[in-house]
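One structure is given below, encoded as structure tokens.
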Amino acid sequence: MVLKYKKNPLIFQGKKKDKKYFEGWYFKHVSCDLKNIIGIIPGISKNDLDSHAFIQIIISKEFDGKMLNTQYYKFPTNDFKYIDEPFCLTIGNNIFTDESIELNLKNDEYLITGSIKFSEFTKINRNILSPDAMGYFSYLPFMECYHDIISMDHNLKGVISVNSEVIDFNEGKGYIEKDWGTSFPKEYIWLQSNHFGDADASIMFSLAHIPFLGASFQGFICNLSFNGHEYRFATYNSSKIEKINYSGSLLELVIVKGEYELLVNSVICRDSGSLKAPINGAMDTIIKEGLTGSADIRLLKNSKILFERRGNPCAVEVMM
């Protein structure tokens, strides 16, 4: 098989897919004071019964006595439009580019409007053997779900208004990733944070049950970046998880790769919001995401500490 560099992962991947397919972008925004977090997930669901475009919202801010709120806005598939270069995705009157987002959403509960601009993205390292976060697995044409990281970290400028209450994201931080394929994994763990005090750092970890050639295995990706350096731990680069312990409120991980050892101790937030996820392209299952957990991260090289900080807030999903 001749390997060729893959196309820009930010652009729409499903142009030739007409059924049992989903694609979704995950834009996460955290305010400068860390008090307000909003995750925005535009996407499309293609299936025999209920094909549609959508925008999901998860907000960590108190409204009507609830601290975590989720909304699902549904659109006809012909409201889903895209341009590859420069990247631009529109769903109804909502616009997503590599420089900004603009929201104009309304239902019986929430009116959400506003815009946020992005600074330059912090991208992951790529090469022909690891064209994206999934490494060489991304070249396989029969994977159930493909995953990539668009930006580990970037700065924000703008405001979002929710029912006339203005949420200020100026000088906040953002993160972007995406998924596409037929179905989300039936079991997985995911966490992400780019808030480590005054440290310029970001982490994403994902472990999933992966069907493969009639069998299955647990595959994982962990990308830690700080001070301009990236440390990648993954199934495809001979990294191994030496310890994993999930107690319901605490997640403990020990990952090794050669002379490096990464320890993660994450406190899973009590409040979690319900989001829809795809099965065979249809948004028919529910996952839980919390936005306000924390994660103590320690990276060692030959037992010497290279990085040790707490990520707070830390978004966490556990479906095990």
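If you're wondering about the labels, chains in the structure tokens are A, B, ... by order shown, residues count from 1 in each chain, ligands from 1 in order shown.
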For this session: Write out as a PyMOL selection string the residues lying within 7 Å of range 270-280 of chain A, counting only C-alpha atoms and excluding same-chain residues fewer than 3 positions away.
Result: chain A and resi 20-22+58+68-70+182-184+283-290
For the residues in the current selection, export N, CA, C and O atoms as a PDB file, in the first residue's frame.
```pdb
ATOM      1  N   LYS A  20     -25.610   5.718   7.034  1.00  0.00           N
ATOM      2  CA  LYS A  20     -24.843   5.159   8.153  1.00  0.00           C
ATOM      3  C   LYS A  20     -23.529   5.920   8.345  1.00  0.00           C
ATOM      4  O   LYS A  20     -22.451   5.336   8.429  1.00  0.00           O
ATOM      5  N   TYR A  21     -23.656   7.240   8.425  1.00  0.00           N
ATOM      6  CA  TYR A  21     -22.467   8.080   8.544  1.00  0.00           C
ATOM      7  C   TYR A  21     -22.764   9.264   9.453  1.00  0.00           C
ATOM      8  O   TYR A  21     -23.865   9.802   9.468  1.00  0.00           O
ATOM      9  N   PHE A  22     -21.750   9.641  10.217  1.00  0.00           N
ATOM     10  CA  PHE A  22     -21.836  10.859  11.016  1.00  0.00           C
ATOM     11  C   PHE A  22     -20.515  11.612  10.912  1.00  0.00           C
ATOM     12  O   PHE A  22     -19.463  11.038  10.606  1.00  0.00           O
ATOM     13  N   ILE A  58     -23.312  22.307  25.071  1.00  0.00           N
ATOM     14  CA  ILE A  58     -23.198  21.980  26.486  1.00  0.00           C
ATOM     15  C   ILE A  58     -22.566  23.186  27.174  1.00  0.00           C
ATOM     16  O   ILE A  58     -21.505  23.661  26.763  1.00  0.00           O
ATOM     17  N   LEU A  68     -25.206  22.761  34.705  1.00  0.00           N
ATOM     18  CA  LEU A  68     -24.793  22.198  33.421  1.00  0.00           C
ATOM     19  C   LEU A  68     -26.028  21.997  32.557  1.00  0.00           C
ATOM     20  O   LEU A  68     -26.979  21.321  32.956  1.00  0.00           O
ATOM     21  N   ASN A  69     -26.030  22.602  31.396  1.00  0.00           N
ATOM     22  CA  ASN A  69     -27.187  22.567  30.511  1.00  0.00           C
ATOM     23  C   ASN A  69     -26.768  22.083  29.133  1.00  0.00           C
ATOM     24  O   ASN A  69     -25.701  22.442  28.635  1.00  0.00           O
ATOM     25  N   THR A  70     -27.614  21.271  28.503  1.00  0.00           N
ATOM     26  CA  THR A  70     -27.351  20.798  27.143  1.00  0.00           C
ATOM     27  C   THR A  70     -28.572  21.061  26.271  1.00  0.00           C
ATOM     28  O   THR A  70     -29.714  21.032  26.731  1.00  0.00           O
ATOM     29  N   THR A 182     -19.020   5.706  11.321  1.00  0.00           N
ATOM     30  CA  THR A 182     -20.372   5.140  11.441  1.00  0.00           C
ATOM     31  C   THR A 182     -20.909   5.249  12.862  1.00  0.00           C
ATOM     32  O   THR A 182     -22.064   5.617  13.067  1.00  0.00           O
ATOM     33  N   SER A 183     -20.069   4.930  13.870  1.00  0.00           N
ATOM     34  CA  SER A 183     -20.553   4.878  15.249  1.00  0.00           C
ATOM     35  C   SER A 183     -19.476   5.303  16.227  1.00  0.00           C
ATOM     36  O   SER A 183     -18.278   5.105  15.979  1.00  0.00           O
ATOM     37  N   PHE A 184     -19.900   5.878  17.364  1.00  0.00           N
ATOM     38  CA  PHE A 184     -18.982   6.083  18.480  1.00  0.00           C
ATOM     39  C   PHE A 184     -18.621   4.724  19.073  1.00  0.00           C
ATOM     40  O   PHE A 184     -19.424   3.786  19.014  1.00  0.00           O
ATOM     41  N   MET A 283     -28.202   9.414  15.504  1.00  0.00           N
ATOM     42  CA  MET A 283     -27.884   9.977  16.818  1.00  0.00           C
ATOM     43  C   MET A 283     -28.815   9.367  17.860  1.00  0.00           C
ATOM     44  O   MET A 283     -29.718  10.011  18.399  1.00  0.00           O
ATOM     45  N   ASP A 284     -28.593   8.093  18.151  1.00  0.00           N
ATOM     46  CA  ASP A 284     -29.545   7.290  18.919  1.00  0.00           C
ATOM     47  C   ASP A 284     -29.060   6.861  20.294  1.00  0.00           C
ATOM     48  O   ASP A 284     -29.752   6.098  20.975  1.00  0.00           O
ATOM     49  N   THR A 285     -27.880   7.306  20.694  1.00  0.00           N
ATOM     50  CA  THR A 285     -27.409   6.923  22.018  1.00  0.00           C
ATOM     51  C   THR A 285     -27.033   8.172  22.801  1.00  0.00           C
ATOM     52  O   THR A 285     -26.830   9.236  22.227  1.00  0.00           O
ATOM     53  N   ILE A 286     -26.970   8.020  24.137  1.00  0.00           N
ATOM     54  CA  ILE A 286     -26.672   9.139  25.017  1.00  0.00           C
ATOM     55  C   ILE A 286     -25.333   8.913  25.712  1.00  0.00           C
ATOM     56  O   ILE A 286     -25.067   7.814  26.229  1.00  0.00           O
ATOM     57  N   ILE A 287     -24.488   9.937  25.701  1.00  0.00           N
ATOM     58  CA  ILE A 287     -23.235   9.902  26.447  1.00  0.00           C
ATOM     59  C   ILE A 287     -23.269  11.013  27.486  1.00  0.00           C
ATOM     60  O   ILE A 287     -24.073  11.941  27.393  1.00  0.00           O
ATOM     61  N   LYS A 288     -22.410  10.914  28.474  1.00  0.00           N
ATOM     62  CA  LYS A 288     -22.344  11.902  29.542  1.00  0.00           C
ATOM     63  C   LYS A 288     -20.992  12.597  29.504  1.00  0.00           C
ATOM     64  O   LYS A 288     -19.947  11.947  29.437  1.00  0.00           O
ATOM     65  N   GLU A 289     -21.023  13.917  29.542  1.00  0.00           N
ATOM     66  CA  GLU A 289     -19.778  14.695  29.574  1.00  0.00           C
ATOM     67  C   GLU A 289     -19.818  15.683  30.728  1.00  0.00           C
ATOM     68  O   GLU A 289     -20.814  16.378  30.931  1.00  0.00           O
ATOM     69  N   GLY A 290     -18.730  15.730  31.485  1.00  0.00           N
ATOM     70  CA  GLY A 290     -18.550  16.740  32.508  1.00  0.00           C
ATOM     71  C   GLY A 290     -17.464  17.701  32.073  1.00  0.00           C
ATOM     72  O   GLY A 290     -16.487  17.305  31.431  1.00  0.00           O
TER      73      GLY A 290
END
```
For this session: Might you pull out every residue within 12 Å of Lys123 in chain A, with only C-alpha atoms counted and same-chain residues fewer than 4 positions away left off, and present them as a PyMOL selection string?
Result: chain A and resi 8-10+131-133+148-154+175-177+202+223-225+228-230
For this session: List every residue of range 19-237 of chain A that DSSP, applied to the backbone of this structure, assigns to helix (DSSP H, G or I), and report them as a ChimeraX atom specification.
Result: /A:77-79,135-139,235-237
For this session: One decimal, Å: what's the distance from CA of Phe196 in chain A over to CA of Asp168 in chain A, could you say?
Result: 20.4 Å
Exercise. Could you name the residues that touch Lys301 in chain A at 12 Å or less, counting only C-alpha atoms, but leaving out those on the same chain fewer than 4 positions away, as an MDAnalysis selection string?
Worked result: chainID A and resid 231 256:263 305:307
For this session: Go through range 14-75 of chain A and collect every residue that DSSP, computed from the backbone, puts in strand (DSSP E or B); the answer should be as a PyMOL selection string.
Result: chain A and resi 21-30+37-46+52-63+66-75
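Using only C-alpha atoms, the contacts of range 186-190 of chain A at a cut-off of 7 Å, with sequence neighbours closer than 4 positions omitted, comprise Phe205, Ser206, Leu207, Ala208, His209, Val316, Glu317, Val318, Met319 and Met320 of chain A.
Distance annotation: of A:Asp48, A:Glu85, A:Met134, A:Lys15, the residue with the minimal separation from Lys178 in chain A is A:Met134; atom set is only C-alpha atoms.
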Problem set entry | Residue among A:Ser239, A:Leu89, A:Lys61, A:Ala201 lying closest to Glu165 in chain A, counting only C-alpha atoms | A:Lys61
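Look at Gln71 in chain A: the protein and nucleic acid residues within 12 Å of it, using only C-alpha atoms and passing over chain neighbours fewer than 4 places away, are Ile38, Gly39, Ile40, Ile41, Pro42, Phe54, Ile55, Gln56, Ile57, Ile58, Ile59, Leu105, Lys106, Asn107, Asp108, Glu109, Tyr110, Leu111, Ile112, Val162, Gly273, Ser274, Leu275 and Lys276 of chain A.
Our summary of the geometry notes that CA of Leu300 in chain A is positioned 23.5 Å from CA of Arg126 in chain A.
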Problem set entry | Spatial neighbours of Asn47 in chain A, 6 Å, only C-alpha atoms, chain gap at least 4 places, as an MDAnalysis selection string | chainID A and resid 19:20 51 281:282
For this session: For each of A:Phe169, A:Phe118, A:Phe80, A:Phe96, take the minimum atom-to-atom distance to Lys35 in chain A, counting only C-alpha atoms, then give the residue where this is smallest.
Result: A:Phe169
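Picture a line from CA of Leu103 in chain A to CA of Ser115 in chain A; it runs 6.2 Å.
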